[in-house]
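Participant: Input file: data-v6.txt. Contents: compact mmCIF, C-alpha atoms and all ligand atoms.
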# COMPACT_ATOMS: atom_id res chain seq x y z
CA MET A 1 66.10 -22.22 69.49
CA GLY A 2 66.81 -23.33 65.95
CA ILE A 3 69.95 -22.75 63.96
CA ILE A 4 68.56 -19.65 62.20
CA ALA A 5 67.64 -17.98 65.49
CA ASP A 6 71.07 -18.95 66.87
CA ARG A 7 72.85 -17.31 63.93
CA ILE A 8 70.80 -14.14 64.32
CA ALA A 9 71.61 -13.99 68.03
CA ALA A 10 75.32 -14.50 67.27
CA ILE A 11 75.34 -11.69 64.69
CA LYS A 12 73.33 -9.36 66.90
CA SER A 13 75.78 -9.86 69.76
CA THR A 14 78.52 -8.37 67.54
CA LEU A 15 76.53 -5.29 66.42
CA PRO A 16 77.27 -2.04 68.22
CA GLU A 17 74.40 -0.16 69.81
CA GLY A 18 72.41 1.68 67.17
CA VAL A 19 73.16 -0.68 64.28
CA GLU A 20 70.06 -2.47 63.01
CA LEU A 21 69.96 -5.90 61.41
CA VAL A 22 67.86 -6.54 58.33
CA ALA A 23 67.48 -10.29 57.84
CA VAL A 24 67.62 -10.72 54.06
CA SER A 25 65.23 -13.59 53.42
CA LYS A 26 64.85 -13.47 49.63
CA PHE A 27 64.58 -16.92 48.00
CA HIS A 28 64.17 -18.61 51.39
CA PRO A 29 60.92 -20.36 52.35
CA VAL A 30 58.37 -18.95 54.78
CA GLU A 31 59.36 -21.59 57.38
CA SER A 32 62.86 -20.12 57.58
CA LEU A 33 61.45 -16.65 58.18
CA ARG A 34 59.15 -18.12 60.82
CA ASP A 35 62.20 -19.55 62.64
CA ALA A 36 63.84 -16.11 62.58
CA TYR A 37 60.61 -14.50 63.74
CA ASP A 38 60.26 -16.95 66.63
CA GLY A 39 63.80 -16.01 67.62
CA GLY A 40 62.71 -12.37 67.86
CA GLN A 41 63.73 -10.98 64.45
CA ARG A 42 61.24 -8.42 63.14
CA ILE A 43 62.96 -6.72 60.17
CA PHE A 44 63.12 -8.72 56.93
CA GLY A 45 64.50 -7.70 53.55
CA GLU A 46 63.13 -8.94 50.24
CA SER A 47 64.07 -8.06 46.67
CA ARG A 48 61.11 -9.19 44.56
CA ALA A 49 57.62 -7.69 44.75
CA GLN A 50 55.68 -10.92 44.28
CA GLU A 51 57.69 -12.82 46.86
CA LEU A 52 57.43 -10.03 49.42
CA THR A 53 53.66 -9.79 49.02
CA ALA A 54 53.19 -13.55 49.41
CA LYS A 55 55.39 -13.72 52.51
CA ALA A 56 53.74 -10.69 54.10
CA ALA A 57 50.36 -12.42 53.70
CA ALA A 58 51.67 -15.62 55.33
CA LEU A 59 53.50 -14.13 58.31
CA PRO A 60 52.55 -12.00 61.35
CA GLY A 61 51.56 -8.37 60.90
CA ASP A 62 54.20 -6.91 63.21
CA ILE A 63 57.01 -7.67 60.77
CA GLU A 64 58.73 -4.65 59.22
CA TRP A 65 59.28 -5.45 55.57
CA HIS A 66 62.12 -3.74 53.73
CA PHE A 67 62.48 -3.78 49.96
CA ILE A 68 66.17 -4.01 49.10
CA GLY A 69 66.40 -4.89 45.39
CA HIS A 70 66.06 -2.89 42.21
CA LEU A 71 62.44 -1.72 42.10
CA GLN A 72 60.70 -1.20 38.80
CA THR A 73 58.22 1.65 38.68
CA ASN A 74 55.45 -0.72 37.62
CA LYS A 75 55.92 -2.74 40.85
CA VAL A 76 55.60 0.26 43.17
CA ARG A 77 51.86 -0.20 43.65
CA GLN A 78 52.35 -3.82 44.72
CA VAL A 79 55.15 -3.08 47.18
CA VAL A 80 54.12 0.17 48.89
CA PRO A 81 51.24 -1.22 51.00
CA HIS A 82 53.56 -3.72 52.71
CA VAL A 83 56.88 -1.99 53.30
CA SER A 84 58.21 0.38 55.93
CA LEU A 85 61.48 1.08 54.10
CA ILE A 86 62.67 0.91 50.50
CA HIS A 87 66.49 0.80 50.40
CA SER A 88 66.98 1.01 46.69
CA VAL A 89 65.63 4.28 45.33
CA ASP A 90 67.91 4.91 42.38
CA SER A 91 66.10 7.51 40.29
CA ASP A 92 64.02 10.63 40.74
CA ARG A 93 61.28 8.96 38.71
CA LEU A 94 61.08 6.01 41.10
CA LEU A 95 61.05 8.37 44.08
CA ARG A 96 58.09 10.30 42.58
CA ALA A 97 56.22 7.06 41.93
CA ILE A 98 56.71 5.86 45.54
CA ASP A 99 55.71 9.27 46.89
CA ALA A 100 52.51 9.35 44.84
CA GLU A 101 51.54 5.78 45.69
CA ALA A 102 52.19 6.18 49.42
CA LEU A 103 50.11 9.35 49.42
CA ARG A 104 47.32 7.53 47.60
CA GLU A 105 47.48 4.73 50.20
CA GLY A 106 47.49 7.28 53.02
CA ARG A 107 50.80 6.10 54.44
CA ARG A 108 54.35 7.28 54.87
CA VAL A 109 57.00 4.99 53.39
CA GLY A 110 60.63 5.42 54.35
CA VAL A 111 63.12 5.51 51.49
CA LEU A 112 66.88 5.36 51.22
CA LEU A 113 68.66 6.92 48.27
CA GLN A 114 70.93 4.36 46.66
CA VAL A 115 74.38 5.65 45.87
CA HIS A 116 76.68 4.05 43.34
CA VAL A 117 80.24 3.84 44.62
CA ALA A 118 81.32 0.38 43.46
CA ARG A 119 83.61 0.00 40.51
CA GLU A 120 81.20 -2.23 38.59
CA GLU A 121 79.24 -0.50 35.84
CA THR A 122 76.23 -2.68 36.49
CA LYS A 123 75.24 -1.52 39.96
CA TYR A 124 72.26 0.79 40.24
CA GLY A 125 72.21 4.11 42.02
CA PHE A 126 72.89 7.82 41.90
CA THR A 127 76.46 9.04 41.78
CA PRO A 128 77.39 11.10 44.86
CA ALA A 129 77.41 14.25 42.70
CA GLU A 130 73.93 13.50 41.35
CA LEU A 131 72.57 12.99 44.86
CA ILE A 132 74.02 16.22 46.18
CA GLU A 133 72.60 18.03 43.15
CA LEU A 134 69.17 16.44 43.68
CA ALA A 135 69.12 17.39 47.36
CA ARG A 136 70.27 20.94 46.66
CA SER A 137 67.59 21.37 44.00
CA GLY A 138 64.93 21.16 46.72
CA ALA A 139 63.31 18.19 44.97
CA LEU A 140 63.46 16.13 48.18
CA ASP A 141 61.69 18.74 50.29
CA SER A 142 58.16 18.51 48.93
CA LEU A 143 57.50 14.79 49.39
CA LYS A 144 54.20 13.83 51.01
CA GLY A 145 54.16 10.03 50.97
CA ALA A 146 57.84 9.12 50.82
CA GLU A 147 60.11 10.04 53.70
CA ILE A 148 63.83 10.27 53.00
CA LYS A 149 65.62 8.38 55.78
CA GLY A 150 69.16 8.13 54.51
CA VAL A 151 71.40 6.43 51.98
CA MET A 152 72.20 2.89 50.89
CA GLY A 153 75.24 1.56 49.10
CA MET A 154 77.00 -1.60 47.99
CA ALA A 155 80.74 -2.04 47.87
CA SER A 156 82.74 -3.28 44.90
CA ASN A 157 82.53 -7.01 44.40
CA THR A 158 86.10 -7.83 45.42
CA ASP A 159 88.09 -9.59 48.16
CA ASP A 160 90.19 -6.44 48.49
CA MET A 161 88.87 -5.28 51.84
CA GLU A 162 90.69 -1.97 51.61
CA ARG A 163 88.75 -1.21 48.47
CA VAL A 164 85.52 -2.30 50.19
CA ALA A 165 86.31 -0.08 53.19
CA ALA A 166 86.97 2.87 50.86
CA ASP A 167 83.61 2.33 49.13
CA PHE A 168 81.75 2.27 52.45
CA ALA A 169 83.64 5.33 53.64
CA GLU A 170 82.52 7.13 50.49
CA VAL A 171 78.87 6.31 51.22
CA LYS A 172 79.27 7.56 54.79
CA ALA A 173 81.00 10.77 53.63
CA LEU A 174 78.12 11.43 51.25
CA PHE A 175 75.65 10.82 54.06
CA ASP A 176 77.51 13.35 56.22
CA THR A 177 77.54 15.92 53.41
CA LEU A 178 73.79 15.59 52.95
CA HIS A 179 73.07 15.38 56.68
CA ASP A 180 74.99 18.53 57.49
CA GLY A 181 73.92 20.30 54.29
CA PRO A 182 70.74 20.04 52.23
CA MET A 183 69.10 17.43 54.52
CA SER A 184 69.93 19.21 57.79
CA GLY A 185 66.29 20.23 58.22
CA ASN A 186 65.19 16.57 58.24
CA PRO A 187 65.64 15.01 61.71
CA ARG A 188 64.77 11.57 60.32
CA PHE A 189 67.68 11.51 57.93
CA ASP A 190 69.72 9.11 60.07
CA THR A 191 70.31 5.84 58.22
CA VAL A 192 73.37 4.47 56.42
CA SER A 193 72.49 1.06 54.97
CA THR A 194 75.75 -0.67 54.08
CA GLY A 195 77.16 -4.15 54.61
CA MET A 196 76.15 -7.70 53.72
CA SER A 197 77.22 -11.14 55.00
CA HIS A 198 80.84 -11.00 53.89
CA ASP A 199 81.54 -7.33 54.59
CA TYR A 200 79.24 -6.02 57.31
CA PRO A 201 81.99 -5.66 59.96
CA VAL A 202 83.89 -3.45 57.48
CA ALA A 203 80.71 -1.47 56.84
CA ILE A 204 80.16 -0.93 60.57
CA ALA A 205 83.73 0.27 60.97
CA ASN A 206 82.88 2.79 58.24
CA GLY A 207 79.68 4.29 59.57
CA SER A 208 76.93 1.77 58.79
CA THR A 209 73.78 2.03 60.91
CA MET A 210 71.90 -0.78 59.14
CA VAL A 211 73.33 -4.04 57.84
CA ARG A 212 71.57 -6.35 55.35
CA VAL A 213 72.56 -9.94 56.08
CA GLY A 214 71.19 -12.95 54.21
CA THR A 215 73.53 -15.88 53.66
CA SER A 216 75.09 -15.79 57.14
CA ILE A 217 71.60 -16.20 58.62
CA PHE A 218 69.65 -18.39 56.20
CA GLY A 219 72.42 -20.18 54.29
CA GLU A 220 73.05 -20.18 50.55
CA ARG A 221 70.19 -19.17 48.29
CA GLU A 222 68.92 -21.57 45.61
CA TYR A 223 67.99 -19.39 42.65
C1 LIG A 301 70.82 -10.25 48.63
C2 LIG A 301 71.20 -8.92 49.17
C3 LIG A 301 71.81 -8.80 50.41
C4 LIG A 301 72.23 -9.98 51.28
O1 LIG A 301 73.40 -10.56 50.79
P1 LIG A 301 74.15 -11.73 51.60
O2 LIG A 301 75.47 -11.80 50.95
O3 LIG A 301 73.35 -12.98 51.40
O4 LIG A 301 74.22 -11.32 53.02
C5 LIG A 301 72.07 -7.51 50.89
N1 LIG A 301 71.75 -6.42 50.17
C6 LIG A 301 71.16 -6.51 48.95
C7 LIG A 301 70.84 -5.27 48.22
C8 LIG A 301 70.87 -7.75 48.42
O5 LIG A 301 70.30 -7.82 47.20
Using the file provided, produce a representation of the structure as C-alpha cells.
Ligand SMILES: *Cc1c(COP(=O)(O)O)cnc(C)c1O

Facilitator:
Amino acid sequence: MGIIADRIAAIKSTLPEGVELVAVSKFHPVESLRDAYDGGQRIFGESRAQELTAKAAALPGDIEWHFIGHLQTNKVRQVVPHVSLIHSVDSDRLLRAIDAEALREGRRVGVLLQVHVAREETKYGFTPAELIELARSGALDSLKGAEIKGVMGMASNTDDMERVAADFAEVKALFDTLHDGPMSGNPRFDTVSTGMSHDYPVAIANGSTMVRVGTSIFGEREY
C-alpha cells in the first residue's frame, strides 16, 4: 500500500465504531484520490463544483462524493447529479435550490445544515437559534429532493482546545435539540459532521459521527 492508503488505515484504526471518515481531497490530483480508493476509501469531500465534477468523471462510479465547501446557488445544478451529501447548507434559499434540483434530477440528495458556532465572523452557517426556528416552522418537513441528515459545524480557528471542544459540544447539543424535538419524526437525522485534521479527536469526544480529514491524509494543499 502507498503512503496515502497507510495514513487512511492509521486514522481509521483510531475512529470509534459509527464514526465515518470523509477523505477531503480538494486541491489534490486524481492520482492521490486513486491511491486512497485503492486502499479502500470510498467517501471523498470536495469544495469546488468544477473540481468535483472533473474528478467524478475520472474516477470509479462507486465513490460517494460529498460537497463540503460554501455552495453558491448557481452551482447547485452542477453539483447535485454527483453528490450523495452536501455538508454546507447555510441558508433556506440554498436548501430550496438543492431540493428543487434533486427533484428535477429524480434523486434524493442528503444535506447537513451548517451551524455557525465559531467566534470568527466570516464562517458561514445558521446560528443555533435560527436553525431551531427553521425546524419548528415546518419548513424542513415538505422537502422532496433534499433529505435532511443532520448538522455540520466548524470550530473556532484557535489552538485553545478547550474553546474548540466547547464549539463542538455546542453543535452536538443543537443536534440533540433538533433530534429530540422538531426532527424527531425523521429517522435519518443521525449525522454530526465535525472535526478536521487538527481537531477530529476533540470532535469525536464531543459527539461527532463524521470527520472531514484532508491534510493528515493527502498532505498540505497547494492553492
Ligand atoms: C478543507 C476542509 C476540511 C479539511 O481540512 P484539513 O485541515 O485539511 O483536514 C474539512 N472541512 C471543510 C469544510 C473544509 O473546507

Participant: Rank A:Asn206, A:Arg34, A:Gly153, A:Ala49 by their smallest atom-to-atom distance to Lys123 in chain A, using all atoms listed in the file, and report the top residue only.

Facilitator: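 Once distances to Lys123 in chain A are computed over all atoms listed in the file, the minimum belongs to A:Gly153.
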
Participant: Which polymer residues, protein or nucleic acid, are no farther than 9 Å from (64.6, -9.1, 46.5), counting all atoms listed in the file, as a PDB file with C-alpha atoms, in the coordinates of the input?

Facilitator:
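Saved file point-v4.pdb follows:
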ATOM      1  CA  VAL A  24      67.620 -10.720  54.060  1.00  0.00           C
ATOM      2  CA  SER A  25      65.230 -13.590  53.420  1.00  0.00           C
ATOM      3  CA  LYS A  26      64.850 -13.470  49.630  1.00  0.00           C
ATOM      4  CA  PHE A  27      64.580 -16.920  48.000  1.00  0.00           C
ATOM      5  CA  GLY A  45      64.500  -7.700  53.550  1.00  0.00           C
ATOM      6  CA  GLU A  46      63.130  -8.940  50.240  1.00  0.00           C
ATOM      7  CA  SER A  47      64.070  -8.060  46.670  1.00  0.00           C
ATOM      8  CA  ARG A  48      61.110  -9.190  44.560  1.00  0.00           C
ATOM      9  CA  ALA A  49      57.620  -7.690  44.750  1.00  0.00           C
ATOM     10  CA  GLU A  51      57.690 -12.820  46.860  1.00  0.00           C
ATOM     11  CA  LEU A  52      57.430 -10.030  49.420  1.00  0.00           C
ATOM     12  CA  PHE A  67      62.480  -3.780  49.960  1.00  0.00           C
ATOM     13  CA  ILE A  68      66.170  -4.010  49.100  1.00  0.00           C
ATOM     14  CA  GLY A  69      66.400  -4.890  45.390  1.00  0.00           C
ATOM     15  CA  HIS A  70      66.060  -2.890  42.210  1.00  0.00           C
ATOM     16  CA  LEU A  71      62.440  -1.720  42.100  1.00  0.00           C
TER      17      LEU A  71
END

Participant: Go through A:Ile43, A:Ala100, A:Ala9, A:Val80 one by one, measure the shortest atom-to-atom distance of each to Gly145 in chain A using only C-alpha atoms, and give the residue with the smallest value.

Facilitator: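 Checking each candidate against Gly145 in chain A, we get A:Ala100 as the closest.
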
Participant: Between CA of Glu162 in chain A and CA of Asp199 in chain A, what is the spacing in Å?

Facilitator: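 Computed distance, CA of Asp199 in chain A to CA of Glu162 in chain A, equals 11.0 Å.
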
Participant: With all atoms of ligand LIG 301 (chain A) from the file as input, state the centre and edge lengths in Å to one decimal of the axis-aligned box that has 6 Å extra on each side, as AutoDock Vina command-line options.

Facilitator:
--center_x 72.9 --center_y -9.1 --center_z 50.1 --size_x 17.2 --size_y 19.7 --size_z 17.8

Participant: Find the residues around Glu170 in chain A up to 12 Å (all atoms listed in the file counted), leave out those fewer than 6 positions away in its own chain, and share them as a VMD selection string.

Facilitator: chain A and resid 115 to 118 127 to 129 151 to 156 163 to 164 176 to 177 192 194 203 206 to 208

Participant: I want to know what sits within 9 Å of Gly150 in chain A, based on all atoms listed in the file, with residues of the same chain fewer than 3 positions away left out; could you give that as a PyMOL selection string?

Facilitator: chain A and resi 87+110-114+175+178-179+188-193

Participant: Quote the spacing between CA of Ile4 in chain A and CA of Asp160 in chain A in Å to one decimal place.

Facilitator: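 According to the coordinates, CA of Ile4 in chain A and CA of Asp160 in chain A are separated by 28.8 Å.
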
Participant: Which neighbours of Pro182 in chain A fall inside 8 Å, counting only C-alpha atoms, when residues of the same chain fewer than 4 positions from it are skipped, and could you give them as a list in words?

Facilitator: Ile132, Ala135, Arg136 and Leu178 of chain A

Participant: Within 10 Å of (65.1, -0.1, 39.2) (file coordinates; only C-alpha atoms), which protein or nucleic acid residues are there? I'd like them as a PyMOL selection string.

Facilitator: chain A and resi 69-75+88-91+93-94+124-125

Participant: Quick one: distance from CA of Leu140 in chain A to CA of Arg107 in chain A in Å, one decimal?

Facilitator: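 Calculated distance between CA of Leu140 in chain A and CA of Arg107 in chain A is 17.3 Å.
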
Participant: Taking all atoms listed in the file into account, which of A:Leu95, A:Leu21, A:Ala5, A:Ile63 comes nearest ligand LIG 301 (chain A)?

Facilitator: A:Leu21

Participant: Using only C-alpha atoms and all ligand atoms, which residue out of A:Met183, A:Pro201, A:Gly106, A:Met196 lies closest to ligand LIG 301 (chain A)?

Facilitator: A:Met196

Participant: Any chance you could export range 3-18 of chain A with all heavy atoms, as an mmCIF file, in the first residue's frame?

Facilitator:
data_model
loop_
_atom_site.group_PDB
_atom_site.id
_atom_site.type_symbol
_atom_site.label_atom_id
_atom_site.label_comp_id
_atom_site.auth_asym_id
_atom_site.auth_seq_id
_atom_site.Cartn_x
_atom_site.Cartn_y
_atom_site.Cartn_z
ATOM 1 N N ILE A 3 1.580 5.480 0.733
ATOM 2 C CA ILE A 3 1.551 6.277 1.962
ATOM 3 C C ILE A 3 0.152 6.814 2.261
ATOM 4 O O ILE A 3 -0.264 6.901 3.424
ATOM 5 C CB ILE A 3 2.594 7.416 1.895
ATOM 6 C CG1 ILE A 3 2.602 8.203 3.204
ATOM 7 C CG2 ILE A 3 2.351 8.345 0.745
ATOM 8 C CD1 ILE A 3 3.947 8.697 3.597
ATOM 9 N N ILE A 4 -0.602 7.187 1.211
ATOM 10 C CA ILE A 4 -1.941 7.741 1.435
ATOM 11 C C ILE A 4 -2.863 6.673 2.029
ATOM 12 O O ILE A 4 -3.575 6.919 3.018
ATOM 13 C CB ILE A 4 -2.497 8.322 0.125
ATOM 14 C CG1 ILE A 4 -1.742 9.622 -0.197
ATOM 15 C CG2 ILE A 4 -4.006 8.559 0.204
ATOM 16 C CD1 ILE A 4 -2.063 10.229 -1.531
ATOM 17 N N ALA A 5 -2.802 5.477 1.458
ATOM 18 C CA ALA A 5 -3.625 4.382 1.995
ATOM 19 C C ALA A 5 -3.198 4.041 3.420
ATOM 20 O O ALA A 5 -4.041 3.748 4.281
ATOM 21 C CB ALA A 5 -3.513 3.160 1.092
ATOM 22 N N ASP A 6 -1.898 4.107 3.690
ATOM 23 C CA ASP A 6 -1.398 3.842 5.048
ATOM 24 C C ASP A 6 -1.948 4.861 6.044
ATOM 25 O O ASP A 6 -2.349 4.517 7.164
ATOM 26 C CB ASP A 6 0.140 3.914 5.092
ATOM 27 C CG ASP A 6 0.787 2.710 4.441
ATOM 28 O OD1 ASP A 6 0.087 1.719 4.197
ATOM 29 O OD2 ASP A 6 2.009 2.781 4.168
ATOM 30 N N ARG A 7 -1.942 6.126 5.642
ATOM 31 C CA ARG A 7 -2.451 7.174 6.557
ATOM 32 C C ARG A 7 -3.940 6.980 6.822
ATOM 33 O O ARG A 7 -4.403 7.162 7.951
ATOM 34 C CB ARG A 7 -2.206 8.551 5.944
ATOM 35 C CG ARG A 7 -0.743 8.978 5.949
ATOM 36 C CD ARG A 7 -0.652 10.335 5.274
ATOM 37 N NE ARG A 7 0.720 10.797 5.121
ATOM 38 C CZ ARG A 7 1.121 11.594 4.119
ATOM 39 N NH1 ARG A 7 0.259 11.983 3.183
ATOM 40 N NH2 ARG A 7 2.362 11.996 4.048
ATOM 41 N N ILE A 8 -4.680 6.625 5.783
ATOM 42 C CA ILE A 8 -6.125 6.392 5.973
ATOM 43 C C ILE A 8 -6.344 5.236 6.943
ATOM 44 O O ILE A 8 -7.163 5.327 7.864
ATOM 45 C CB ILE A 8 -6.813 6.125 4.621
ATOM 46 C CG1 ILE A 8 -6.862 7.429 3.825
ATOM 47 C CG2 ILE A 8 -8.215 5.552 4.816
ATOM 48 C CD1 ILE A 8 -7.386 7.276 2.410
ATOM 49 N N ALA A 9 -5.576 4.165 6.745
ATOM 50 C CA ALA A 9 -5.735 2.997 7.631
ATOM 51 C C ALA A 9 -5.403 3.382 9.070
ATOM 52 O O ALA A 9 -6.093 2.959 10.009
ATOM 53 C CB ALA A 9 -4.837 1.861 7.151
ATOM 54 N N ALA A 10 -4.366 4.198 9.246
ATOM 55 C CA ALA A 10 -3.968 4.615 10.599
ATOM 56 C C ALA A 10 -5.072 5.450 11.251
ATOM 57 O O ALA A 10 -5.403 5.255 12.428
ATOM 58 C CB ALA A 10 -2.661 5.405 10.539
ATOM 59 N N ILE A 11 -5.648 6.378 10.485
ATOM 60 C CA ILE A 11 -6.727 7.215 11.042
ATOM 61 C C ILE A 11 -7.945 6.347 11.356
ATOM 62 O O ILE A 11 -8.531 6.445 12.437
ATOM 63 C CB ILE A 11 -7.095 8.351 10.057
ATOM 64 C CG1 ILE A 11 -5.936 9.349 9.973
ATOM 65 C CG2 ILE A 11 -8.381 9.046 10.482
ATOM 66 C CD1 ILE A 11 -6.054 10.347 8.847
ATOM 67 N N LYS A 12 -8.292 5.485 10.422
ATOM 68 C CA LYS A 12 -9.487 4.649 10.615
ATOM 69 C C LYS A 12 -9.361 3.779 11.865
ATOM 70 O O LYS A 12 -10.347 3.536 12.556
ATOM 71 C CB LYS A 12 -9.734 3.771 9.396
ATOM 72 C CG LYS A 12 -10.438 4.529 8.286
ATOM 73 C CD LYS A 12 -11.134 3.593 7.328
ATOM 74 C CE LYS A 12 -12.215 4.330 6.566
ATOM 75 N NZ LYS A 12 -12.519 3.731 5.268
ATOM 76 N N SER A 13 -8.141 3.335 12.145
ATOM 77 C CA SER A 13 -7.956 2.458 13.309
ATOM 78 C C SER A 13 -8.227 3.201 14.618
ATOM 79 O O SER A 13 -8.432 2.579 15.652
ATOM 80 C CB SER A 13 -6.547 1.868 13.312
ATOM 81 O OG SER A 13 -5.602 2.864 13.657
ATOM 82 N N THR A 14 -8.221 4.536 14.569
ATOM 83 C CA THR A 14 -8.484 5.320 15.788
ATOM 84 C C THR A 14 -9.955 5.744 15.898
ATOM 85 O O THR A 14 -10.348 6.301 16.922
ATOM 86 C CB THR A 14 -7.636 6.609 15.833
ATOM 87 O OG1 THR A 14 -8.125 7.533 14.848
ATOM 88 C CG2 THR A 14 -6.172 6.318 15.563
ATOM 89 N N LEU A 15 -10.747 5.541 14.840
ATOM 90 C CA LEU A 15 -12.136 6.019 14.869
ATOM 91 C C LEU A 15 -13.026 5.008 15.583
ATOM 92 O O LEU A 15 -12.992 3.827 15.263
ATOM 93 C CB LEU A 15 -12.667 6.234 13.443
ATOM 94 C CG LEU A 15 -11.926 7.245 12.566
ATOM 95 C CD1 LEU A 15 -12.626 7.367 11.220
ATOM 96 C CD2 LEU A 15 -11.829 8.602 13.249
ATOM 97 N N PRO A 16 -13.830 5.470 16.519
ATOM 98 C CA PRO A 16 -14.783 4.548 17.158
ATOM 99 C C PRO A 16 -15.798 4.047 16.132
ATOM 100 O O PRO A 16 -16.028 4.679 15.098
ATOM 101 C CB PRO A 16 -15.486 5.419 18.203
ATOM 102 C CG PRO A 16 -14.732 6.685 18.293
ATOM 103 C CD PRO A 16 -13.943 6.839 17.037
ATOM 104 N N GLU A 17 -16.381 2.915 16.434
ATOM 105 C CA GLU A 17 -17.473 2.366 15.631
ATOM 106 C C GLU A 17 -18.534 3.448 15.410
ATOM 107 O O GLU A 17 -18.882 4.180 16.329
ATOM 108 C CB GLU A 17 -18.074 1.205 16.442
ATOM 109 C CG GLU A 17 -19.282 0.562 15.853
ATOM 110 C CD GLU A 17 -18.928 -0.787 15.227
ATOM 111 O OE1 GLU A 17 -17.974 -1.424 15.718
ATOM 112 O OE2 GLU A 17 -19.603 -1.157 14.261
ATOM 113 N N GLY A 18 -19.003 3.556 14.169
ATOM 114 C CA GLY A 18 -20.068 4.511 13.899
ATOM 115 C C GLY A 18 -19.608 5.898 13.487
ATOM 116 O O GLY A 18 -20.425 6.738 13.155
#
